[in-house]
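Participant: So that you have it, the file is protein_5.cif, and it contains mmCIF, C-alpha atoms:
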```cif
data_start
#
loop_
_atom_site.label_atom_id
_atom_site.label_comp_id
_atom_site.auth_asym_id
_atom_site.auth_seq_id
_atom_site.Cartn_x
_atom_site.Cartn_y
_atom_site.Cartn_z
CA MET A 1 0.00 0.00 0.00
CA ASP A 2 1.47 3.38 -0.90
CA GLU A 3 1.40 6.38 1.39
CA THR A 4 -1.51 8.08 -0.36
CA GLN A 5 -3.68 5.05 0.28
CA LEU A 6 -2.43 4.86 3.84
CA ILE A 7 -3.37 8.48 4.47
CA ALA A 8 -6.80 7.91 2.94
CA ARG A 9 -7.34 5.02 5.36
CA VAL A 10 -6.23 7.14 8.31
CA ARG A 11 -8.74 9.79 7.27
CA ALA A 12 -11.39 7.08 7.18
CA GLY A 13 -10.64 6.26 10.81
CA ASP A 14 -8.50 3.16 10.36
CA SER A 15 -6.41 2.92 13.54
CA ALA A 16 -4.07 0.29 12.06
CA ALA A 17 -3.28 2.72 9.26
CA GLU A 18 -2.56 5.42 11.85
CA ARG A 19 -0.04 3.16 13.50
CA ALA A 20 1.52 2.27 10.14
CA LEU A 21 1.87 5.94 9.23
CA TYR A 22 3.38 6.63 12.64
CA ASP A 23 5.86 3.76 12.30
CA ALA A 24 6.93 4.99 8.90
CA HIS A 25 7.87 8.45 10.14
CA VAL A 26 8.46 8.41 13.87
CA ASP A 27 12.20 7.74 13.71
CA ARG A 28 12.98 10.81 11.70
CA VAL A 29 10.66 13.01 13.75
CA TYR A 30 12.12 11.77 17.04
CA ARG A 31 15.70 12.11 15.79
CA LEU A 32 15.15 15.70 14.74
CA ALA A 33 13.37 16.52 17.99
CA PHE A 34 16.18 14.95 20.00
CA ARG A 35 18.90 16.70 18.02
CA LEU A 36 17.26 20.07 18.55
CA ALA A 37 16.16 19.53 22.15
CA GLY A 38 19.11 17.49 23.42
CA ASP A 39 16.85 15.76 25.91
CA ASP A 40 14.99 12.49 25.66
CA THR A 41 11.94 13.54 27.66
CA LEU A 42 11.50 16.71 25.63
CA ALA A 43 12.07 14.81 22.39
CA GLN A 44 9.34 12.33 23.33
CA ASP A 45 6.98 15.17 24.27
CA PHE A 46 7.63 16.96 20.99
CA THR A 47 7.24 13.77 18.96
CA GLN A 48 3.98 13.00 20.71
CA GLU A 49 2.63 16.49 20.08
CA THR A 50 3.74 16.40 16.46
CA PHE A 51 1.78 13.23 15.69
CA ILE A 52 -1.28 14.33 17.63
CA ARG A 53 -1.35 17.55 15.63
CA ALA A 54 -0.68 15.70 12.40
CA PHE A 55 -3.55 13.25 12.93
CA ASP A 56 -5.85 16.10 13.95
CA ARG A 57 -4.99 18.13 10.87
CA LEU A 58 -4.66 15.37 8.34
CA GLY A 59 -7.83 16.65 6.69
CA SER A 60 -5.97 19.81 5.71
CA PHE A 61 -3.13 17.88 4.07
CA ARG A 62 -3.72 18.40 0.37
CA GLY A 63 -0.92 16.22 -0.92
CA ASP A 64 0.75 19.04 -2.87
CA ALA A 65 4.02 18.15 -1.15
CA ALA A 66 5.24 14.90 0.33
CA PHE A 67 3.66 13.87 3.60
CA SER A 68 7.10 13.84 5.23
CA THR A 69 7.62 17.49 4.26
CA TRP A 70 4.28 18.43 5.79
CA LEU A 71 5.06 16.41 8.92
CA HIS A 72 8.50 17.95 9.36
CA ALA A 73 6.98 21.41 9.13
CA ILE A 74 4.79 20.47 12.09
CA THR A 75 7.79 18.98 13.89
CA THR A 76 9.93 22.09 13.58
CA THR A 77 7.04 24.32 14.69
CA VAL A 78 6.37 22.16 17.75
CA VAL A 79 10.03 21.82 18.70
CA LEU A 80 11.05 25.44 18.16
CA ASN A 81 8.01 26.80 20.00
CA GLY A 82 8.62 24.39 22.86
CA LEU A 83 12.28 25.27 23.10
CA ARG A 84 11.56 29.00 23.06
CA LYS A 85 9.35 28.58 26.09
CA MET A 86 11.97 26.53 27.91
CA LYS A 87 14.70 28.99 27.00
CA ARG A 88 12.80 31.94 28.41
CA PHE A 89 12.34 30.16 31.71
CA ARG A 90 15.97 29.06 31.94
CA GLN A 91 17.44 32.39 30.86
CA ARG A 92 18.18 33.51 34.38
CA GLU A 93 20.04 30.30 35.18
CA ALA A 94 22.08 30.69 32.00
CA ASP A 95 22.88 34.29 32.87
CA ILE A 96 24.18 33.17 36.24
CA ASP A 97 26.31 30.48 34.60
CA ASP A 98 27.71 33.01 32.13
CA ALA A 99 28.56 35.43 34.92
CA GLN A 100 30.40 32.72 36.78
CA SER A 101 32.41 31.76 33.70
CA ILE A 102 33.92 35.25 33.27
CA GLY A 103 37.69 35.08 33.63
CA VAL A 104 37.87 31.39 32.90
CA THR A 105 40.04 30.46 29.94
CA ARG A 106 37.75 28.53 27.64
CA ARG A 107 40.51 26.41 26.15
CA ASP A 108 41.55 25.21 29.59
CA ALA A 109 38.03 24.80 30.81
CA GLU A 110 36.81 22.88 27.76
CA PRO A 111 39.63 20.98 26.13
CA ASP A 112 37.31 18.35 24.70
CA LEU A 113 36.21 18.80 21.09
CA LYS A 114 32.84 17.18 21.68
CA THR A 115 32.07 19.57 24.53
CA ARG A 116 33.32 22.61 22.65
CA LEU A 117 31.40 21.68 19.56
CA LYS A 118 28.19 21.20 21.50
CA LYS A 119 28.57 24.59 23.18
CA ALA A 120 29.36 26.25 19.88
CA ILE A 121 26.32 24.75 18.15
CA ASP A 122 24.09 25.56 21.12
CA ALA A 123 25.31 29.16 20.97
CA LEU A 124 24.27 29.61 17.33
CA PRO A 125 21.23 31.80 16.65
CA GLU A 126 18.10 29.68 16.49
CA GLY A 127 17.70 29.85 12.70
CA TYR A 128 21.34 28.99 12.03
CA ARG A 129 21.32 26.12 14.50
CA THR A 130 18.11 24.66 13.11
CA VAL A 131 19.37 24.71 9.54
CA PHE A 132 22.79 23.38 10.55
CA VAL A 133 21.31 20.50 12.53
CA MET A 134 18.82 19.63 9.81
CA HIS A 135 21.35 19.78 6.97
CA ASP A 136 24.76 18.83 8.31
CA VAL A 137 23.70 16.53 11.12
CA GLU A 138 20.44 14.96 9.97
CA GLY A 139 20.97 15.16 6.22
CA TYR A 140 17.90 17.13 5.13
CA THR A 141 18.14 18.86 1.76
CA HIS A 142 17.79 22.63 1.48
CA GLU A 143 14.48 22.06 -0.29
CA GLU A 144 13.18 20.01 2.63
CA ILE A 145 14.46 22.58 5.14
CA GLY A 146 12.91 25.44 3.21
CA ALA A 147 9.56 23.67 3.13
CA ALA A 148 9.70 22.72 6.82
CA LEU A 149 10.69 26.17 8.02
CA GLY A 150 8.69 28.14 5.50
CA VAL A 151 11.73 29.90 4.04
CA GLU A 152 13.31 30.09 0.61
CA THR A 153 15.94 27.52 -0.30
CA GLY A 154 18.44 30.36 -0.68
CA THR A 155 17.74 31.48 2.88
CA SER A 156 18.46 27.98 4.13
CA LYS A 157 21.75 27.92 2.23
CA ALA A 158 22.74 31.34 3.54
CA GLN A 159 21.96 30.39 7.12
CA LEU A 160 23.96 27.19 6.81
CA SER A 161 26.92 29.12 5.44
CA ARG A 162 26.76 31.60 8.32
CA ALA A 163 26.41 28.81 10.85
CA ARG A 164 29.50 27.08 9.51
CA ALA A 165 31.44 30.35 9.53
CA LYS A 166 30.55 30.94 13.17
CA LEU A 167 31.50 27.39 14.09
CA ARG A 168 34.80 27.72 12.27
CA VAL A 169 35.66 30.72 14.41
CA ALA A 170 34.44 29.08 17.60
CA LEU A 171 36.48 25.95 16.90
CA SER A 172 39.60 27.65 15.58
CA ASP A 173 41.65 25.96 18.32
CA PHE A 174 41.07 22.70 16.49
CA ALA A 175 42.08 23.99 13.05
CA GLY A 176 44.89 21.43 12.90
CA GLU A 177 42.29 18.73 12.56
CA TRP A 178 40.99 19.94 9.21
CA VAL A 179 44.04 21.78 7.88
CA PRO A 180 46.62 19.16 6.84
CA MET B 181 33.53 27.83 -8.47
CA ILE B 182 33.98 27.56 -4.76
CA ASP B 183 32.80 30.49 -2.67
CA GLN B 184 35.56 32.22 -0.75
CA HIS B 185 33.89 31.18 2.50
CA GLU B 186 33.64 27.53 1.53
CA ASP B 187 36.18 25.04 2.73
CA PRO B 188 35.24 21.48 1.80
CA LYS B 189 37.77 20.00 4.23
CA PHE B 190 36.41 21.97 7.15
CA GLU B 191 32.82 21.22 6.14
CA GLN B 192 33.45 17.50 5.98
CA TRP B 193 35.32 17.55 9.28
CA LEU B 194 32.48 19.54 10.85
CA LYS B 195 29.82 17.16 9.52
CA ASP B 196 31.65 14.16 10.92
CA ALA B 197 32.32 15.79 14.27
CA ALA B 198 28.76 17.09 14.57
CA GLN B 199 27.34 13.57 14.49
CA SER B 200 28.04 13.51 18.23
CA TYR B 201 25.83 16.55 18.77
CA ASN B 202 22.77 15.55 20.83
CA ALA B 203 23.13 12.02 19.51
CA PRO B 204 19.69 10.41 19.91
CA ARG B 205 19.11 7.01 21.42
CA PRO B 206 16.95 4.48 19.53
CA THR B 207 13.39 5.78 19.14
CA PRO B 208 11.14 4.60 21.97
CA ARG B 209 8.40 3.89 19.45
CA LEU B 210 6.03 1.94 21.64
CA GLU B 211 6.37 4.31 24.57
CA ILE B 212 5.54 7.37 22.47
CA TRP B 213 2.71 5.58 20.67
CA LYS B 214 1.11 4.63 23.98
CA ARG B 215 1.28 8.25 25.12
CA ILE B 216 -0.30 9.41 21.87
CA GLU B 217 -3.13 6.92 22.25
CA GLU B 218 -3.65 7.84 25.88
CA THR B 219 -3.73 11.56 25.17
CA ARG B 220 -6.19 11.16 22.34
CA ARG B 221 -8.36 8.81 24.39
CA ASN B 222 -8.46 11.25 27.30
CA ARG B 223 -9.27 14.07 24.96
CA HIS B 224 -12.19 12.09 23.59
CA VAL B 225 -13.48 11.72 27.11
CA ILE B 226 -13.38 15.48 27.45
CA GLU B 227 -15.06 15.92 24.09
CA ILE B 228 -18.04 13.80 25.07
CA ARG B 229 -18.54 15.88 28.17
CA PRO B 230 -19.42 19.34 26.89
CA TRP B 231 -19.82 20.74 30.40
CA MET B 232 -16.11 20.18 31.00
CA ARG B 233 -15.14 22.25 28.02
CA TRP B 234 -17.70 24.83 29.03
CA ALA B 235 -16.30 24.94 32.54
CA LEU B 236 -12.77 25.43 31.30
CA ALA B 237 -13.80 28.15 28.91
CA ALA B 238 -15.80 29.71 31.70
CA ALA B 239 -12.78 29.55 33.97
CA ALA B 240 -10.69 31.25 31.35
CA ILE B 241 -13.24 34.00 30.86
CA LEU B 242 -13.53 34.46 34.59
CA VAL B 243 -9.81 34.72 35.09
CA ILE B 244 -9.69 37.41 32.44
CA GLY B 245 -12.52 39.15 34.20
CA ILE B 246 -10.79 38.92 37.54
CA GLY B 247 -7.55 40.16 36.07
CA ILE B 248 -9.11 43.05 34.26
CA GLY B 249 -11.28 43.78 37.25
CA ARG B 250 -8.36 43.93 39.65
CA TRP B 251 -6.37 46.21 37.40
CA THR B 252 -9.15 48.53 36.46
CA ALA B 253 -11.55 48.31 39.35
CA HIS B 254 -12.70 51.36 41.20
CA PRO B 255 -14.66 51.28 44.44
CA PRO B 256 -18.35 50.87 43.61
CA ARG B 257 -20.42 53.96 43.84
CA ALA B 258 -22.69 54.04 46.81
CA ASN B 259 -25.79 54.60 44.71
CA ALA B 260 -24.95 52.25 41.87
CA PRO B 261 -27.86 49.95 41.11
CA VAL B 262 -27.38 46.20 41.20
CA VAL B 263 -28.38 44.66 37.90
CA ALA B 264 -27.98 40.90 37.84
CA SER B 265 -30.26 38.50 36.06
CA ALA B 266 -30.70 34.94 37.29
CA ASP B 267 -28.74 33.65 34.29
CA SER B 268 -25.80 35.93 34.85
CA VAL B 269 -25.72 35.01 38.53
CA ARG B 270 -25.67 31.30 37.65
CA SER B 271 -22.90 31.93 35.11
CA ASP B 272 -20.90 33.90 37.66
CA VAL B 273 -21.15 31.04 40.12
CA ALA B 274 -20.00 28.47 37.57
CA TYR B 275 -17.17 30.71 36.36
CA GLN B 276 -15.95 31.35 39.85
CA VAL B 277 -16.08 27.73 40.92
CA ALA B 278 -14.20 26.51 37.84
CA ALA B 279 -11.52 29.17 38.06
CA GLN B 280 -11.16 28.85 41.78
CA GLN B 281 -10.64 25.11 41.48
CA TYR B 282 -7.95 25.49 38.83
CA LEU B 283 -6.05 28.30 40.51
CA THR B 284 -6.32 26.85 43.99
CA ARG B 285 -5.20 23.41 42.89
CA THR B 286 -2.21 24.89 41.12
CA GLU B 287 -1.32 27.03 44.11
CA VAL B 288 -1.59 24.06 46.48
CA LEU B 289 0.47 21.86 44.21
CA LEU B 290 3.28 24.39 43.87
CA THR B 291 3.27 25.01 47.61
CA ASP B 292 3.46 21.26 48.17
CA PHE B 293 6.29 21.07 45.66
CA ARG B 294 8.38 23.26 47.93
CA ALA B 295 7.74 20.88 50.79
CA GLN B 296 8.65 17.84 48.71
CA ARG B 297 11.82 19.59 47.53
CA VAL B 298 13.27 19.26 51.00
CA ARG B 299 13.06 15.47 50.67
CA GLY B 300 14.53 15.60 47.17
CA GLN B 301 11.85 13.26 45.84
CA LEU B 302 8.37 13.60 44.35
CA ASP B 303 5.45 11.26 44.96
CA PRO B 304 4.13 9.58 41.79
CA GLN B 305 0.64 10.90 42.64
CA PHE B 306 2.09 14.38 42.84
CA VAL B 307 3.56 14.09 39.35
CA ALA B 308 0.23 12.76 38.05
CA ALA B 309 -1.56 15.76 39.56
CA ALA B 310 0.98 18.10 37.98
CA ARG B 311 0.41 16.45 34.61
CA ASP B 312 -3.33 16.92 34.98
CA LEU B 313 -2.89 20.60 35.78
CA LEU B 314 -0.47 21.00 32.89
CA THR B 315 -3.20 19.80 30.52
CA THR B 316 -5.66 22.28 32.02
CA THR B 317 -3.12 25.08 31.78
CA ARG B 318 -2.55 24.34 28.11
CA LEU B 319 -6.28 24.43 27.51
CA MET B 320 -6.34 27.80 29.23
CA LEU B 321 -3.52 28.99 26.99
CA ASP B 322 -5.57 27.96 23.98
CA SER B 323 -8.59 29.83 25.30
CA PRO B 324 -9.35 33.57 25.24
CA ALA B 325 -7.56 33.80 28.60
CA ALA B 326 -4.28 33.81 26.70
CA ASN B 327 -5.27 37.08 25.03
CA ASP B 328 -4.97 38.91 28.29
CA PRO B 329 -1.52 40.55 28.29
CA GLN B 330 -1.03 40.17 32.03
CA LEU B 331 -2.60 36.77 32.54
CA GLN B 332 -0.78 35.16 29.62
CA PRO B 333 2.70 35.41 31.18
CA LEU B 334 1.40 33.79 34.37
CA LEU B 335 -0.18 30.93 32.45
CA GLU B 336 3.01 30.47 30.44
CA ASP B 337 5.11 30.41 33.59
CA LEU B 338 2.75 27.88 35.12
CA GLU B 339 2.97 25.76 31.99
CA LEU B 340 6.76 25.77 32.14
CA VAL B 341 6.97 25.01 35.83
CA LEU B 342 4.44 22.20 35.55
CA ALA B 343 6.20 20.83 32.47
CA GLN B 344 9.48 20.77 34.35
CA ILE B 345 7.89 19.06 37.33
CA THR B 346 6.26 16.40 35.18
CA GLN B 347 9.64 15.62 33.63
CA LEU B 348 11.17 14.81 37.01
CA PRO B 349 11.27 11.08 37.67
CA ALA B 350 9.63 10.09 40.97
CA GLU B 351 12.85 8.81 42.48
CA PRO B 352 15.31 9.95 45.16
CA GLY B 353 18.29 12.19 44.50
CA ARG B 354 16.51 14.87 42.47
CA LYS B 355 17.06 17.70 44.92
CA ASN B 356 19.35 19.72 42.65
CA GLU B 357 16.82 19.70 39.82
CA MET B 358 14.02 20.51 42.23
CA ASP B 359 16.10 23.38 43.62
CA LEU B 360 16.51 24.79 40.12
CA ILE B 361 12.78 24.65 39.50
CA ASN B 362 12.17 26.31 42.85
CA GLN B 363 14.73 28.97 41.98
CA GLY B 364 12.76 29.71 38.83
CA LEU B 365 9.55 29.89 40.86
CA ASN B 366 11.12 32.44 43.19
CA GLN B 367 12.78 34.51 40.50
CA ARG B 368 9.55 34.97 38.60
CA SER B 369 7.41 35.28 41.73
CA VAL B 370 5.11 32.65 40.30
CA LEU B 371 3.40 31.72 43.56
CA THR B 372 2.88 35.33 44.56
CA ARG B 373 1.36 36.17 41.20
CA LEU B 374 -0.77 33.04 41.35
CA ARG B 375 -2.08 33.93 44.78
CA THR B 376 -2.86 37.46 43.61
CA ALA B 377 -4.84 36.07 40.71
CA THR B 378 -6.77 33.59 42.85
CA PRO B 379 -10.24 34.89 43.57
CA ALA B 380 -10.95 35.18 47.26
CA ILE B 381 -14.18 33.22 47.44
CA PRO B 382 -15.41 31.57 50.61
CA ALA B 383 -16.12 27.85 50.55
CA GLY B 384 -19.85 28.30 51.03
CA PRO B 385 -22.41 29.74 48.63
CA VAL B 386 -20.84 32.22 46.27
CA PRO B 387 -21.91 35.71 47.22
CA VAL B 388 -23.30 38.14 44.73
CA ARG B 389 -21.59 41.47 44.92
CA ALA B 390 -23.97 43.96 46.45
CA GLN B 391 -23.90 47.69 46.08
CA GLY B 392 -21.45 49.54 48.21
CA VAL B 393 -19.83 46.38 49.50
CA SER B 394 -16.17 46.09 48.72
#
```
Rewrite the coordinates I just gave you, this time as structure tokens.
Facilitator:
Amino acid sequence: MDETQLIARVRAGDSAAERALYDAHVDRVYRLAFRLAGDDTLAQDFTQETFIRAFDRLGSFRGDAAFSTWLHAITTTVVLNGLRKMKRFRQREADIDDAQSIGVTRRDAEPDLKTRLKKAIDALPEGYRTVFVMHDVEGYTHEEIGAALGVETGTSKAQLSRARAKLRVALSDFAGEWVP
Amino acid sequence: MIDQHEDPKFEQWLKDAAQSYNAPRPTPRLEIWKRIEETRRNRHVIEIRPWMRWALAAAAILVIGIGIGRWTAHPPRANAPVVASADSVRSDVAYQVAAQQYLTRTEVLLTDFRAQRVRGQLDPQFVAAARDLLTTTRLMLDSPAANDPQLQPLLEDLELVLAQITQLPAEPGRKNEMDLINQGLNQRSVLTRLRTATPAIPAGPVPVRAQGVS
């Protein structure tokens, strides 16, 4: 059964088809949610909300684009809105952490590439980070990213380029690893 | 032609290195599916009980009314006539009861959270109650209550606090995380704002505001 038929059966109230549609897409949704949230509980919450919204709104899916494109647009909306709320609440804690880190030499404090890279990616502006994670980490195309985020393909490319440039500066201590 | 900012070696190195960024564990498919089913089932229960939706909407409207009333209220004029139909009185009663229940339950739960923080562990029933209130709060946020510029931030703060609480496993050794949540509660004066928003209604029959009585 192809996906169009599966969607038609979901619309008709077939719960087995719902589960099949979920199984076909949940891995990619959860992976993206986890990559952006960095937390299993949040990733599960976001995945759950994504599918609930998708099943609720399946009637509005016209089939102009692939179902996965439509679903990933819902995923990014759910995840980014959720993270914005969390960020606002945690801002004070982050400010305190930043204040305490003044005067600490970053290279000494964070000699590990993995840790430095995580901090550098986390510090990217939201749009840059989202595009970087989707493209360079999860392998989405610029067309898929543009459709999911509601931006032009060129915007996605530009944001990726800026994200990489910022990361290059942030990780300059490790330049020996990519410059032979 | 390669753009001056492009560096294929760096980009490949970055892609490889970034695979460690927030590396996900295998998808807990069954766990998430069960939660989806449960949420949708519970929602269906709500949908077949229209009075519940009505009560929540009423609570939201009331809270707006209380908020607006507290910020704009002037002492009633001594000679102002009391105009209250039987329907509006019944609606007022329902609004007040629904809102009072929601706000009081949230206030009690957050107060109890502070007590449980000392032990560094939450009861499973406590987490279940927090989850229930989180659902109600989200319904409030989707209601006209969220249009009120002063009530919305309180509801959003409550949503975040309750979301954080529901993410805490009910097991010992969680004091640090509970302290952080409590710190957030204090910094944003959530309990104080909640108590200010809670209507002061006695437990008995709900009084109708009479002229000249403040």
Participant: Give me, as a list in words, all polymer residues having an atom no more than 9 Å from Ile74 in chain A, counting all atoms listed in the file and skipping those fewer than 3 positions away in the same chain.
Facilitator: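 Residues near the query, excluding close chain neighbours: Thr50, Phe51, Arg53, Ala54, Thr69, Trp70, Leu71, Thr77, Val78, Val79 and Ala148 of chain A.
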Participant: Report as a list in words all protein, DNA and RNA residues lying within 10 Å of Arg28 in chain A, evaluated on only C-alpha atoms, omitting residues in the same chain fewer than 2 positions from it.
Facilitator: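 My reading of the contact set: Ala24, His25, Val26, Tyr30, Arg31, Leu32, Ala33, Phe34, Thr47, Ser68, His72, Thr75 and Glu138 of chain A; Thr207 of chain B.
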Participant: Keeping only C-alpha atoms, take the residues you just selected and write them out as a JSON list (two decimals), in the coordinates of the input.
Facilitator:
```
[["chain", "number", "residue", "atom", "x", "y", "z"],
["A", 24, "ALA", "CA", 6.93, 4.99, 8.90],
["A", 25, "HIS", "CA", 7.87, 8.45, 10.14],
["A", 26, "VAL", "CA", 8.46, 8.41, 13.87],
["A", 30, "TYR", "CA", 12.12, 11.77, 17.04],
["A", 31, "ARG", "CA", 15.70, 12.11, 15.79],
["A", 32, "LEU", "CA", 15.15, 15.70, 14.74],
["A", 33, "ALA", "CA", 13.37, 16.52, 17.99],
["A", 34, "PHE", "CA", 16.18, 14.95, 20.00],
["A", 47, "THR", "CA", 7.24, 13.77, 18.96],
["A", 68, "SER", "CA", 7.10, 13.84, 5.23],
["A", 72, "HIS", "CA", 8.50, 17.95, 9.36],
["A", 75, "THR", "CA", 7.79, 18.98, 13.89],
["A", 138, "GLU", "CA", 20.44, 14.96, 9.97],
["B", 207, "THR", "CA", 13.39, 5.78, 19.14]]
```
Participant: Might you spell out which residues the PyMOL selection byres ((chain B) within 6 of (chain A)) would select in the displayed file, as a list in words?
Facilitator: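 With the PyMOL selection byres ((chain B) within 6 of (chain A)) on this model, the match is Lys189, Phe190, Lys195, Gln199, Tyr201, Asn202, Pro204, Thr207 and Ile216 of chain B.
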Participant: How many Å lie between CA of Leu302 in chain B and CA of Pro352 in chain B, rounded to one decimal?
Facilitator: 7.9 Å
Participant: Can you work out the spacing between CA of Lys214 in chain B and CA of Ala17 in chain A in Å, to one decimal?
Facilitator: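 Spanning CA of Lys214 in chain B to CA of Ala17 in chain A is a straight-line distance of 15.5 Å.
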Participant: Find the residues near range 297-301 of chain B: any atom within 12 Å, counting all atoms listed in the file, skip ones fewer than 5 places away on the same chain, and give them as a PDB file with C-alpha atoms, in the frame of the given file.
Facilitator:
```
ATOM      1  CA  LEU B 290       3.280  24.390  43.870  1.00  0.00           C
ATOM      2  CA  THR B 291       3.270  25.010  47.610  1.00  0.00           C
ATOM      3  CA  ASP B 292       3.460  21.260  48.170  1.00  0.00           C
ATOM      4  CA  PHE B 306       2.090  14.380  42.840  1.00  0.00           C
ATOM      5  CA  VAL B 307       3.560  14.090  39.350  1.00  0.00           C
ATOM      6  CA  ILE B 345       7.890  19.060  37.330  1.00  0.00           C
ATOM      7  CA  LEU B 348      11.170  14.810  37.010  1.00  0.00           C
ATOM      8  CA  PRO B 349      11.270  11.080  37.670  1.00  0.00           C
ATOM      9  CA  ALA B 350       9.630  10.090  40.970  1.00  0.00           C
ATOM     10  CA  GLU B 351      12.850   8.810  42.480  1.00  0.00           C
ATOM     11  CA  PRO B 352      15.310   9.950  45.160  1.00  0.00           C
ATOM     12  CA  GLY B 353      18.290  12.190  44.500  1.00  0.00           C
ATOM     13  CA  ARG B 354      16.510  14.870  42.470  1.00  0.00           C
ATOM     14  CA  LYS B 355      17.060  17.700  44.920  1.00  0.00           C
ATOM     15  CA  ASN B 356      19.350  19.720  42.650  1.00  0.00           C
ATOM     16  CA  GLU B 357      16.820  19.700  39.820  1.00  0.00           C
ATOM     17  CA  MET B 358      14.020  20.510  42.230  1.00  0.00           C
ATOM     18  CA  ASP B 359      16.100  23.380  43.620  1.00  0.00           C
ATOM     19  CA  LEU B 360      16.510  24.790  40.120  1.00  0.00           C
ATOM     20  CA  ILE B 361      12.780  24.650  39.500  1.00  0.00           C
ATOM     21  CA  ASN B 362      12.170  26.310  42.850  1.00  0.00           C
ATOM     22  CA  GLN B 363      14.730  28.970  41.980  1.00  0.00           C
TER      23      GLN B 363
END
```
Participant: Give me, please, the distance in Å between CA of Glu18 in chain A and CA of Leu6 in chain A, quoted to one decimal.
Facilitator: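 Between CA of Glu18 in chain A and CA of Leu6 in chain A the gap is 8.0 Å.
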Participant: Using only C-alpha atoms for the distances, tell me which of B:Ala310, B:Leu342, B:Leu365, B:Leu374 is nearest to Glu287 in chain B.
Facilitator: B:Leu374
Participant: Skip Ala123 in chain A itself and residues of its chain fewer than 6 positions away, then list as a VMD selection string all residues within 12 Å of it, counting all atoms listed in the file.
Facilitator: chain A and resid 94 116 to 117 129 to 130 163 166 to 167 170
Participant: Specify as a short mmCIF file (atom, residue, chain, number, x, y, z; two decimals) with C-alpha atoms, in the frame of the given file each residue included when the PyMOL selection byres ((chain B and resi 334) around 10) is applied to this file.
Facilitator:
```cif
data_model
loop_
_atom_site.label_atom_id
_atom_site.label_comp_id
_atom_site.auth_asym_id
_atom_site.auth_seq_id
_atom_site.Cartn_x
_atom_site.Cartn_y
_atom_site.Cartn_z
CA ALA B 326 -4.28 33.81 26.70
CA PRO B 329 -1.52 40.55 28.29
CA GLN B 330 -1.03 40.17 32.03
CA LEU B 331 -2.60 36.77 32.54
CA GLN B 332 -0.78 35.16 29.62
CA PRO B 333 2.70 35.41 31.18
CA LEU B 335 -0.18 30.93 32.45
CA GLU B 336 3.01 30.47 30.44
CA ASP B 337 5.11 30.41 33.59
CA LEU B 338 2.75 27.88 35.12
CA GLU B 339 2.97 25.76 31.99
CA LEU B 340 6.76 25.77 32.14
CA ARG B 368 9.55 34.97 38.60
CA SER B 369 7.41 35.28 41.73
CA VAL B 370 5.11 32.65 40.30
CA LEU B 371 3.40 31.72 43.56
CA ARG B 373 1.36 36.17 41.20
CA LEU B 374 -0.77 33.04 41.35
CA ALA B 377 -4.84 36.07 40.71
#
```
